[in-house]
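Asks: Structure file input-v8.cif, mmCIF, C-alpha atoms and all ligand atoms, is pasted below:
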```cif
data_start
#
loop_
_atom_site.label_atom_id
_atom_site.label_comp_id
_atom_site.auth_asym_id
_atom_site.auth_seq_id
_atom_site.Cartn_x
_atom_site.Cartn_y
_atom_site.Cartn_z
CA MET C 177 46.83 84.32 89.26
CA LEU C 178 50.29 84.75 90.80
CA SER C 179 52.19 81.46 91.15
CA TYR C 180 55.22 80.58 93.26
CA GLY C 181 57.56 80.48 90.24
CA LYS C 182 57.56 81.20 86.53
CA GLN C 183 59.92 81.33 83.54
CA ASN C 184 61.12 84.60 82.02
CA ILE C 185 61.18 84.37 78.20
CA SER C 186 61.78 87.38 75.95
CA GLU C 187 61.80 87.95 72.20
CA ASP C 188 65.58 87.42 71.94
CA ASP C 189 65.20 83.98 73.56
CA ILE C 190 62.60 83.06 70.95
CA GLN C 191 64.84 84.33 68.13
CA ALA C 192 67.77 82.23 69.38
CA VAL C 193 65.65 79.07 69.30
CA VAL C 194 64.21 79.86 65.86
CA GLU C 195 67.72 80.35 64.48
CA VAL C 196 68.72 76.84 65.53
CA LEU C 197 65.48 75.40 64.16
CA ARG C 198 66.45 76.83 60.76
CA SER C 199 69.98 75.38 60.99
CA ASP C 200 71.33 71.92 60.17
CA TRP C 201 71.66 70.77 63.76
CA LEU C 202 68.63 70.15 65.96
CA THR C 203 70.64 67.90 68.25
CA GLN C 204 74.30 66.99 68.80
CA GLY C 205 75.39 70.20 67.13
CA PRO C 206 77.45 73.23 68.16
CA ALA C 207 74.81 74.88 70.42
CA VAL C 208 75.30 72.20 73.08
CA LYS C 209 79.02 72.89 73.39
CA ALA C 210 78.34 76.67 73.39
CA PHE C 211 75.87 76.27 76.29
CA GLU C 212 78.34 74.09 78.21
CA ASP C 213 81.05 76.73 77.71
CA GLY C 214 78.62 79.39 78.94
CA LEU C 215 77.86 77.32 82.03
CA CYS C 216 81.59 76.95 82.76
CA ASP C 217 82.02 80.72 82.42
CA PHE C 218 79.16 81.58 84.74
CA THR C 219 79.71 78.91 87.39
CA ARG C 220 83.54 78.81 87.15
CA ALA C 221 83.21 75.04 86.80
CA PRO C 222 86.15 73.42 84.99
CA PHE C 223 83.72 70.99 83.26
CA ALA C 224 80.02 71.11 82.40
CA CYS C 225 78.01 68.38 80.65
CA ALA C 226 74.47 69.37 79.60
CA VAL C 227 71.79 66.67 79.81
CA SER C 228 68.04 66.24 79.31
CA ASN C 229 67.00 67.21 82.87
CA GLY C 230 68.24 67.63 86.44
CA THR C 231 67.15 64.14 87.45
CA ALA C 232 69.23 62.65 84.63
CA ALA C 233 72.17 64.74 85.89
CA LEU C 234 71.80 63.20 89.36
CA HIS C 235 71.43 59.69 87.90
CA LEU C 236 74.62 60.05 85.84
CA ILE C 237 76.48 61.43 88.88
CA ALA C 238 75.40 58.32 90.84
CA MET C 239 76.76 56.11 88.04
CA ALA C 240 79.99 58.07 87.56
CA LEU C 241 80.70 57.96 91.30
CA GLY C 242 80.27 54.20 91.22
CA TRP C 243 77.39 53.89 93.70
CA LYS C 244 75.98 50.38 93.88
CA GLU C 245 73.99 47.93 95.98
CA MET C 246 74.87 47.97 99.70
CA ASP C 247 76.16 51.55 99.45
CA THR C 248 74.47 54.16 101.64
CA ILE C 249 73.79 57.67 100.36
CA ILE C 250 72.64 60.39 102.75
CA THR C 251 70.50 63.36 101.79
CA THR C 252 68.15 65.89 103.41
CA PRO C 253 64.42 65.21 103.92
CA ILE C 254 63.61 68.73 102.68
CA THR C 255 64.24 68.24 98.98
CA PHE C 256 62.69 67.09 95.75
CA ALA C 257 62.43 63.30 95.40
CA ALA C 258 65.21 63.10 92.79
CA SER C 259 67.93 63.90 95.39
CA GLY C 260 67.25 60.51 96.99
CA ASN C 261 65.92 58.62 93.98
CA CYS C 262 69.25 58.90 92.13
CA ALA C 263 70.75 56.50 94.70
CA ARG C 264 67.90 54.03 94.28
CA TYR C 265 68.30 54.08 90.45
CA VAL C 266 71.70 52.40 90.90
CA GLY C 267 70.59 50.10 93.71
CA ALA C 268 72.14 52.07 96.57
CA GLU C 269 70.23 52.75 99.80
CA VAL C 270 69.08 56.14 101.12
CA ASP C 271 69.30 57.57 104.62
CA PHE C 272 68.54 61.09 105.82
CA VAL C 273 69.99 63.74 108.13
CA ASP C 274 67.75 66.46 109.56
CA ILE C 275 68.00 70.13 108.56
CA ASP C 276 69.49 73.11 110.34
CA GLU C 277 66.68 75.04 111.99
CA ARG C 278 68.02 78.42 110.81
CA PHE C 279 68.83 77.86 107.14
CA TYR C 280 66.80 74.73 106.30
CA THR C 281 69.81 72.96 104.77
CA LEU C 282 71.39 69.67 105.85
CA ASP C 283 72.88 70.14 109.34
CA PRO C 284 76.62 69.25 109.42
CA ASN C 285 76.51 68.59 113.20
CA LYS C 286 73.72 66.07 112.82
CA LEU C 287 75.56 64.58 109.87
CA GLU C 288 78.62 64.05 112.06
CA ASP C 289 76.48 62.33 114.71
CA LYS C 290 75.11 60.02 112.04
CA LEU C 291 78.59 59.29 110.64
CA LYS C 292 79.83 58.39 114.12
CA ASP C 293 76.84 56.16 114.60
CA TYR C 294 77.54 54.38 111.29
CA HIS C 295 81.21 54.08 112.22
CA GLN C 296 80.37 52.40 115.54
CA ARG C 297 78.27 49.84 113.72
CA ASN C 298 81.12 49.23 111.27
CA ARG C 299 79.17 50.71 108.41
CA ARG C 300 80.27 53.37 105.98
CA VAL C 301 78.55 56.16 104.12
CA LYS C 302 79.41 56.24 100.44
CA ALA C 303 78.19 59.74 99.61
CA VAL C 304 76.21 62.74 100.79
CA VAL C 305 73.87 64.64 98.46
CA ALA C 306 73.53 68.08 100.04
CA VAL C 307 70.95 70.47 98.61
CA ASP C 308 71.39 74.26 98.48
CA TYR C 309 67.75 74.51 99.46
CA ALA C 310 65.75 77.48 98.09
CA GLY C 311 69.04 78.97 96.83
CA HIS C 312 70.82 79.16 100.20
CA PRO C 313 74.22 77.39 100.10
CA CYS C 314 74.87 74.66 102.66
CA ASP C 315 77.74 75.05 105.12
CA TRP C 316 80.15 73.68 102.51
CA GLU C 317 83.34 74.12 104.54
CA ALA C 318 81.92 71.95 107.30
CA LEU C 319 80.64 69.38 104.82
CA ARG C 320 83.99 69.21 103.00
CA GLU C 321 85.84 68.68 106.26
CA LEU C 322 83.51 65.79 107.18
CA ALA C 323 83.91 64.33 103.68
CA ASN C 324 87.69 64.35 104.09
CA ASN C 325 87.62 62.91 107.62
CA TYR C 326 85.04 60.21 106.97
CA GLU C 327 85.98 59.61 103.33
CA PHE C 328 82.69 59.96 101.54
CA GLN C 329 81.85 61.55 98.20
CA LEU C 330 80.15 64.92 98.25
CA VAL C 331 77.45 65.89 95.74
CA ASN C 332 75.81 69.31 95.48
CA ASP C 333 72.19 69.18 94.31
CA ASN C 334 72.49 72.77 93.16
CA CYS C 335 69.15 72.89 91.30
CA HIS C 336 67.91 75.80 93.47
CA ALA C 337 71.09 77.79 93.68
CA ILE C 338 72.40 78.88 90.28
CA GLY C 339 73.88 82.32 90.93
CA ALA C 340 74.27 81.84 94.70
CA MET C 341 77.62 82.60 96.38
CA TYR C 342 79.49 81.08 99.29
CA ASN C 343 81.83 83.52 101.05
CA GLY C 344 81.48 85.77 98.01
CA ASP C 345 82.52 83.00 95.60
CA ILE C 346 80.16 82.18 92.73
CA GLY C 347 82.36 79.20 91.86
CA TYR C 348 81.92 77.44 95.20
CA ALA C 349 79.86 74.50 93.96
CA THR C 350 82.60 72.56 92.15
CA LYS C 351 85.25 73.65 94.66
CA PHE C 352 83.60 71.84 97.57
CA ALA C 353 81.58 69.06 95.92
CA ASP C 354 82.93 66.26 93.74
CA ALA C 355 79.97 66.66 91.41
CA VAL C 356 77.17 69.20 91.06
CA ALA C 357 73.70 68.79 89.52
CA GLN C 358 71.70 71.64 88.05
CA SER C 359 68.22 71.82 86.49
CA TYR C 360 66.81 74.23 83.92
CA HIS C 361 63.14 73.41 84.41
CA PRO C 362 60.96 76.52 83.84
CA VAL C 363 60.59 77.32 87.56
CA LYS C 364 64.38 77.38 88.06
CA HIS C 365 66.63 80.43 87.55
CA ILE C 366 67.18 79.85 83.85
CA THR C 367 65.28 77.48 81.60
CA THR C 368 65.79 75.23 78.59
CA GLY C 369 62.24 73.80 78.92
CA GLU C 370 63.56 70.55 80.34
CA GLY C 371 67.29 70.40 80.92
CA GLY C 372 70.12 69.98 83.35
CA ALA C 373 73.87 69.68 83.70
CA ILE C 374 76.62 67.97 85.63
CA LEU C 375 79.36 70.36 86.77
CA THR C 376 82.64 69.09 88.16
CA ALA C 377 86.32 69.85 88.59
CA ASN C 378 87.15 66.17 88.09
CA ASP C 379 88.04 65.21 84.49
CA TYR C 380 87.30 61.51 85.14
CA ILE C 381 83.75 62.28 86.30
CA ASP C 382 83.21 64.59 83.33
CA GLU C 383 84.41 61.93 80.90
CA ARG C 384 82.17 59.27 82.51
CA VAL C 385 78.99 61.35 82.43
CA ARG C 386 79.65 62.40 78.83
CA THR C 387 79.84 58.79 77.69
CA LEU C 388 76.87 57.69 79.82
CA ARG C 389 74.77 60.58 78.46
CA THR C 390 74.84 58.92 75.06
CA HIS C 391 74.40 55.17 75.63
CA GLY C 392 77.93 54.57 76.94
CA ILE C 393 79.13 54.89 73.35
CA THR C 394 82.46 56.44 72.38
CA LYS C 395 83.87 57.36 68.98
CA ASP C 396 87.13 58.57 70.47
CA ALA C 397 89.83 56.41 68.80
CA GLU C 398 92.14 56.76 71.79
CA LYS C 399 89.59 55.17 74.10
CA MET C 400 88.52 52.31 71.82
CA GLU C 401 89.72 48.73 72.12
CA GLN C 402 89.95 48.35 68.35
CA ASN C 403 89.12 50.40 65.28
CA ASP C 404 87.51 48.82 62.22
CA GLY C 405 87.25 52.06 60.23
CA PRO C 406 85.65 55.50 60.07
CA TRP C 407 82.17 54.09 60.88
CA TYR C 408 83.36 52.37 64.01
CA TYR C 409 82.21 53.16 67.57
CA GLU C 410 82.23 51.22 70.79
CA MET C 411 79.64 50.84 73.51
CA GLN C 412 81.80 50.48 76.58
CA ALA C 413 79.28 50.94 79.38
CA LEU C 414 75.50 50.74 79.79
CA GLY C 415 74.40 54.34 79.34
CA PHE C 416 71.24 56.19 78.37
CA ASN C 417 69.96 58.73 75.90
CA TYR C 418 70.05 61.71 78.25
CA ARG C 419 71.02 64.22 75.56
CA ILE C 420 69.64 67.73 75.35
CA THR C 421 68.76 69.34 71.98
CA ASP C 422 70.55 72.22 70.29
CA PHE C 423 67.46 74.46 70.30
CA GLN C 424 67.13 73.98 74.05
CA CYS C 425 70.79 74.88 74.49
CA ALA C 426 70.39 78.01 72.33
CA LEU C 427 67.66 79.08 74.76
CA GLY C 428 69.94 78.24 77.68
CA THR C 429 72.79 80.35 76.29
CA LYS C 430 70.48 83.37 75.88
CA GLN C 431 69.09 82.88 79.38
CA LEU C 432 72.62 82.75 80.83
CA GLU C 433 73.22 86.29 79.54
CA LYS C 434 70.41 87.48 81.81
CA LEU C 435 71.04 85.22 84.79
CA SER C 436 72.86 87.83 86.90
CA ASP C 437 69.96 90.26 86.43
CA PHE C 438 67.44 87.52 87.28
CA VAL C 439 69.22 86.72 90.54
CA LYS C 440 69.53 90.41 91.38
CA ARG C 441 65.80 90.94 90.87
CA ARG C 442 65.03 87.88 93.02
CA ASN C 443 67.12 89.46 95.80
CA GLU C 444 65.24 92.78 95.43
CA ILE C 445 61.94 90.94 95.79
CA ALA C 446 63.29 89.07 98.83
CA ASP C 447 64.30 92.39 100.42
CA LEU C 448 60.74 93.69 99.92
CA TYR C 449 59.27 90.54 101.47
CA ASP C 450 61.78 90.68 104.36
CA GLU C 451 60.82 94.25 105.07
CA GLY C 452 57.07 93.75 104.70
CA LEU C 453 56.77 90.51 106.64
CA SER C 454 59.37 90.87 109.42
CA GLY C 455 58.29 91.68 112.95
CA ILE C 456 54.81 90.20 112.58
CA GLY C 457 53.97 87.65 115.26
CA HIS C 458 54.12 83.99 114.22
CA ILE C 459 55.58 84.76 110.77
CA PHE C 460 59.22 83.97 110.04
CA VAL C 461 61.12 85.23 107.00
CA PRO C 462 64.08 83.13 105.82
CA ASN C 463 67.43 83.69 107.56
CA VAL C 464 70.59 84.16 105.53
CA ALA C 465 73.95 82.98 106.88
CA ASP C 466 76.93 85.36 106.89
CA PHE C 467 78.66 83.12 104.35
CA ALA C 468 75.73 83.10 101.93
CA TYR C 469 74.52 85.12 98.98
CA HIS C 470 71.04 83.67 98.51
CA ALA C 471 69.84 82.93 94.96
CA TYR C 472 66.16 82.81 96.04
CA HIS C 473 64.83 80.10 93.78
CA LEU C 474 62.17 80.03 96.50
CA TYR C 475 61.09 82.38 99.24
CA PRO C 476 60.21 79.91 102.00
CA LEU C 477 58.03 81.73 104.49
CA ARG C 478 57.18 80.02 107.78
CA ILE C 479 53.93 80.64 109.63
CA ASP C 480 53.23 79.16 113.06
CA PHE C 481 49.67 78.07 112.27
CA ASP C 482 49.31 76.39 115.69
CA ALA C 483 49.64 79.81 117.33
CA LEU C 484 47.02 81.37 115.03
CA SER C 485 43.40 80.34 114.77
CA ILE C 486 43.82 79.43 111.11
CA SER C 487 44.97 76.19 109.53
CA LYS C 488 47.47 75.88 106.71
CA GLU C 489 44.67 74.60 104.43
CA GLU C 490 42.48 77.62 105.22
CA PHE C 491 45.40 79.96 104.61
CA PHE C 492 46.09 78.24 101.28
CA ASP C 493 42.43 78.57 100.25
CA LYS C 494 42.22 82.24 101.21
CA MET C 495 45.38 83.03 99.25
CA ARG C 496 43.98 81.16 96.24
CA ILE C 497 40.74 83.18 96.42
CA ALA C 498 42.99 86.28 96.36
CA GLU C 499 44.56 84.86 93.15
CA ILE C 500 47.84 83.83 94.76
CA ALA C 501 48.80 80.19 94.19
CA LEU C 502 51.24 78.96 96.85
CA GLN C 503 53.26 75.77 96.97
CA VAL C 504 54.98 73.84 99.75
CA HIS C 505 58.64 72.80 99.46
CA TYR C 506 58.75 70.07 100.54
CA ILE C 507 56.75 67.23 101.98
CA PRO C 508 59.61 65.51 103.88
CA LEU C 509 60.98 62.81 101.60
CA HIS C 510 61.25 60.18 104.36
CA LEU C 511 57.46 60.44 104.82
CA GLN C 512 56.67 59.61 101.18
CA PRO C 513 55.08 56.14 101.00
CA TYR C 514 57.96 54.72 98.95
CA TYR C 515 60.61 55.69 101.53
CA ARG C 516 58.38 55.00 104.53
CA LYS C 517 57.76 51.46 103.36
CA ARG C 518 61.27 50.66 102.19
CA TYR C 519 63.02 51.91 105.34
CA ASP C 520 60.24 51.95 107.94
CA PHE C 521 60.53 55.71 108.41
CA GLY C 522 57.72 57.53 110.20
CA GLU C 523 56.65 60.69 111.98
CA GLY C 524 59.22 61.89 114.49
CA ASP C 525 62.29 60.51 112.70
CA PHE C 526 63.43 63.95 111.49
CA PRO C 527 61.50 66.38 113.71
CA ILE C 528 62.95 69.68 112.48
CA ALA C 529 62.12 68.83 108.87
CA GLU C 530 58.62 67.74 109.91
CA LYS C 531 57.98 70.94 111.85
CA PHE C 532 59.33 72.94 108.92
CA TYR C 533 56.89 71.17 106.60
CA LYS C 534 53.95 72.12 108.85
CA GLN C 535 54.94 75.80 108.67
CA GLU C 536 56.49 76.37 105.26
CA LEU C 537 54.87 78.12 102.30
CA SER C 538 56.63 79.21 99.12
CA ILE C 539 55.24 82.59 98.17
CA PRO C 540 55.58 84.04 94.63
CA MET C 541 59.24 84.54 93.63
CA TYR C 542 60.30 85.19 90.05
CA PRO C 543 61.92 88.15 88.28
CA ARG C 544 58.81 89.33 86.43
CA LEU C 545 56.91 90.01 89.67
CA SER C 546 56.35 93.76 89.94
CA ASP C 547 56.83 95.71 93.17
CA ASN C 548 53.04 96.09 93.16
CA ASP C 549 52.58 92.32 92.95
CA VAL C 550 54.95 91.92 95.90
CA ALA C 551 53.10 94.58 97.93
CA TYR C 552 49.81 92.83 97.14
CA VAL C 553 51.17 89.46 98.36
CA ILE C 554 52.42 91.08 101.59
CA GLU C 555 49.11 92.85 102.26
CA THR C 556 47.09 89.73 101.54
CA ILE C 557 49.18 87.64 103.94
CA LYS C 558 48.94 90.29 106.67
CA THR C 559 45.15 90.57 106.30
CA ILE C 560 44.56 86.80 106.43
CA VAL C 561 46.86 86.37 109.41
CA SER C 562 45.37 89.28 111.37
CA HIS C 563 41.84 87.90 110.90
CA GLY C 564 43.08 84.54 112.02
CA LYS C 565 44.64 85.80 115.23
CA LYS C 566 43.19 84.48 118.48
C1 LIG J 1 64.20 70.62 90.04
C2 LIG J 1 64.98 69.76 90.97
C3 LIG J 1 65.52 68.52 90.60
C4 LIG J 1 65.23 67.82 89.32
O1 LIG J 1 65.30 68.55 88.19
P1 LIG J 1 64.45 68.15 86.88
O2 LIG J 1 65.11 68.97 85.83
O3 LIG J 1 63.03 68.55 87.14
O4 LIG J 1 64.59 66.69 86.65
C5 LIG J 1 66.32 67.86 91.51
N1 LIG J 1 66.55 68.36 92.74
C6 LIG J 1 66.02 69.52 93.14
C7 LIG J 1 66.33 70.01 94.52
C8 LIG J 1 65.22 70.24 92.28
O5 LIG J 1 64.65 71.38 92.70
#
```
What would you get if you wrote out this structure as structure tokens?
Ligand SMILES: *Cc1c(COP(=O)(O)O)cnc(C)c1O
Replies:
Amino acid sequence: MLSYGKQNISEDDIQAVVEVLRSDWLTQGPAVKAFEDGLCDFTRAPFACAVSNGTAALHLIAMALGWKEMDTIITTPITFAASGNCARYVGAEVDFVDIDERFYTLDPNKLEDKLKDYHQRNRRVKAVVAVDYAGHPCDWEALRELANNYEFQLVNDNCHAIGAMYNGDIGYATKFADAVAQSYHPVKHITTGEGGAILTANDYIDERVRTLRTHGITKDAEKMEQNDGPWYYEMQALGFNYRITDFQCALGTKQLEKLSDFVKRRNEIADLYDEGLSGIGHIFVPNVADFAYHAYHLYPLRIDFDALSISKEEFFDKMRIAEIALQVHYIPLHLQPYYRKRYDFGEGDFPIAEKFYKQELSIPMYPRLSDNDVAYVIETIKTIVSHGKK
């Protein structure tokens, strides 16, 4: 069975983990710092703080940026729940802005309309969590300009886009956003099993998330209010245990060595899909903006099922019978019962996202797919669609 995503673990990854398991430090040892240094190298981020998962990274960003009750945070409906949930964890409220029809990322023009609307009602937006959906960077220049003009904080939920580039710059994430969240879940570009990180160019944010990652406790004498002796530490804020282990970080460091090759292979696969699936009626391959180097965490194919005599469910079933397991990214977040009920959202509120949901399918995309696998996926899709044609 081919799935939409899968980890890529080799013998050297396993050896790196085993080495740490035989060492003195399973957690809070040197492998964490080494992984963080590796992340800084690869992403050009001035600071990186590794944590237990991507959701924890978003939660700590929400805390470090000081979001609280009565604050409004805006995100895209086409994302994983955590992009909005992080605001709710700290009591802030969530609103949405629809996606750009071409690139499926948060639309800066619609964001500006919403900001103007808030402004007229004497309300402010505290922050925007923009998502580099599928691995395609948002229009970060436009978002940064809006952030400066309307004075809101800018967060990059970068969980899909490790290895992406904006105007040829692999270090774009921390240049445009105040804080960046990554995830190293097995379906993402590199894995630590569970894992994540907060990247930033802001030393205050880095210091905050580091303390909050470990209960809000500091042992740094310079930051303490008093010092009773060598055993002494202070809990200065209400934090969590969001630490990651050393053996996970050893895996992460090994995976980082291969990340460029992984992203390159994902782009090769995307090229094959583009070629094989372009120019077929009612099928739309993903567009790539001139400013973007796509990291292809996902390959979001769109099919206009209304125009074909086949439903999305039937298509899904037929692919599954052919041993290809698809996924859909995402069910629009504003339509999830929790958000519907809390904010009275419904069908029609974000029409482009809703139409996208009806059409989108994530087809297999991971480095270990062979060219033959890719050809098989293309042929299977073509056959199902041609039988379905009216
Ligand atoms: C994977 C993901 C997350 C959360 O990461 P976890 O490590 O699974 O907690 C958040 N946002 C997006 C867009 C993601 O894809």
Asks: Please provide the set of residues having any atom within 6 Å of segment 419-432 of chain C, restricted to all atoms listed in the file, with same-chain residues fewer than 2 positions apart removed, written as a count of residues only.
Replies: 17
Asks: So that I can see what lies close to segment 345-359 of chain C, please list as a PyMOL selection string the residues with an atom at most 7 Å from it, counting only C-alpha atoms and leaving out residues fewer than 4 positions away in the same chain.
Replies: chain C and resi 219-221+229-230+233-234+237+316+320+329-335+339-341+364+371-377
Asks: I need the residue nearest ligand LIG 1 (chain J) from this list: C:Gln191, C:Gln183, C:Ser199, C:Asn261. Use all atoms listed in the file for the distance.
Replies: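 Of C:Gln191, C:Gln183, C:Ser199, C:Asn261, the one nearest ligand LIG 1 (chain J), counting all atoms listed in the file, is C:Asn261.
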Asks: Find the spatial neighbours of Ala337 of chain C, counting all atoms listed in the file, within a cut-off of 8 Å - ignore same-chain residues fewer than 3 positions away - and output them as a ChimeraX atom specification.
Replies: /C:308-313,334,340,470-473
Asks: Which of these, C:Pro222, C:Pro284, C:Pro362, C:Pro513, has the shortest distance to ligand LIG 1 (chain J) once you count only C-alpha atoms and all ligand atoms?
Replies: C:Pro362
Asks: Atom CA of Val266 of chain C to atom CA of Asp396 of chain C: how many Å, to one decimal?
Replies: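 Between atom CA of Val266 of chain C and atom CA of Asp396 of chain C the gap works out to 26.3 Å.
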Asks: Could you tell me how far atom CA of Asp200 of chain C sits from atom CA of Cys225 of chain C, in Å to one decimal place?
Replies: 21.8 Å
Asks: Between atom CA of Ile539 of chain C and atom CA of Ile456 of chain C, what is the distance in Å, rounded to a tenth?
Replies: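 Those two atoms sit 16.3 Å apart.
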Asks: Compile the contact shell of Glu401 of chain C as a VMD selection string: residues with an atom at most 10 Å away, counting all atoms listed in the file, same-chain residues fewer than 5 positions apart removed.
Replies: chain C and resid 409 to 410 412
Asks: Name the closest residue to ligand LIG 1 (chain J) among the candidates C:Glu489, C:Glu370, C:Asp549, C:Asp404; distances are taken between atoms, counting only C-alpha atoms and all ligand atoms.
Replies: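 Nearest to ligand LIG 1 (chain J): C:Glu370.
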Asks: Padding of 8 Å on every side, edges along x, y and z, all listed atoms of ligand LIG 1 (chain J) included: what centre and edge lengths in Å, to one decimal, does that box have, as AutoDock Vina command-line options?
Replies:
```
--center_x 64.8 --center_y 69.0 --center_z 90.2 --size_x 19.5 --size_y 20.7 --size_z 24.7
```
Asks: Which of these residues is nearest to ligand LIG 1 (chain J), using all atoms listed in the file: C:Pro543, C:Arg442, C:Phe256, C:Val194?
Replies: C:Phe256
Asks: Do you have, as JSON lines, the list of residues of segment 422-453 of chain C lying at most 10 Å from segment 554-566 of chain C, each with its nearest atom pair and that distance in Å to one decimal, counting only C-alpha atoms and ordered by chain then number?
Replies:
```
{"residue": "C:Leu448", "atom": "CA", "partner": "C:Ile554", "partner_atom": "CA", "distance": 8.9}
{"residue": "C:Tyr449", "atom": "CA", "partner": "C:Ile554", "partner_atom": "CA", "distance": 6.9}
{"residue": "C:Asp450", "atom": "CA", "partner": "C:Ile554", "partner_atom": "CA", "distance": 9.8}
{"residue": "C:Glu451", "atom": "CA", "partner": "C:Ile554", "partner_atom": "CA", "distance": 9.6}
{"residue": "C:Gly452", "atom": "CA", "partner": "C:Ile554", "partner_atom": "CA", "distance": 6.2}
{"residue": "C:Leu453", "atom": "CA", "partner": "C:Ile554", "partner_atom": "CA", "distance": 6.7}
```
Asks: Which is closer to ligand LIG 1 (chain J) than all the others in C:Tyr506, C:Trp243, C:Trp201, C:Phe223, using all atoms listed in the file?
Replies: C:Tyr506
Asks: Compile the contact shell of segment 526-533 of chain C as a list of chain:residue names: residues with an atom at most 7 Å away, counting all atoms listed in the file, same-chain residues fewer than 3 positions apart removed.
Replies: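 Using all atoms listed in the file, the neighbours found are C:Pro253, C:Ile254, C:Asp274, C:Ile275, C:Glu277, C:Tyr506, C:Ile507, C:Pro508, C:Glu536.
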Asks: Looking at C:Glu212, C:Ala224, C:Thr255, C:Ser179, which one is nearest to ligand LIG 1 (chain J), with distances taken over all atoms listed in the file?
Replies: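 Once distances to ligand LIG 1 (chain J) are computed over all atoms listed in the file, the minimum belongs to C:Thr255.
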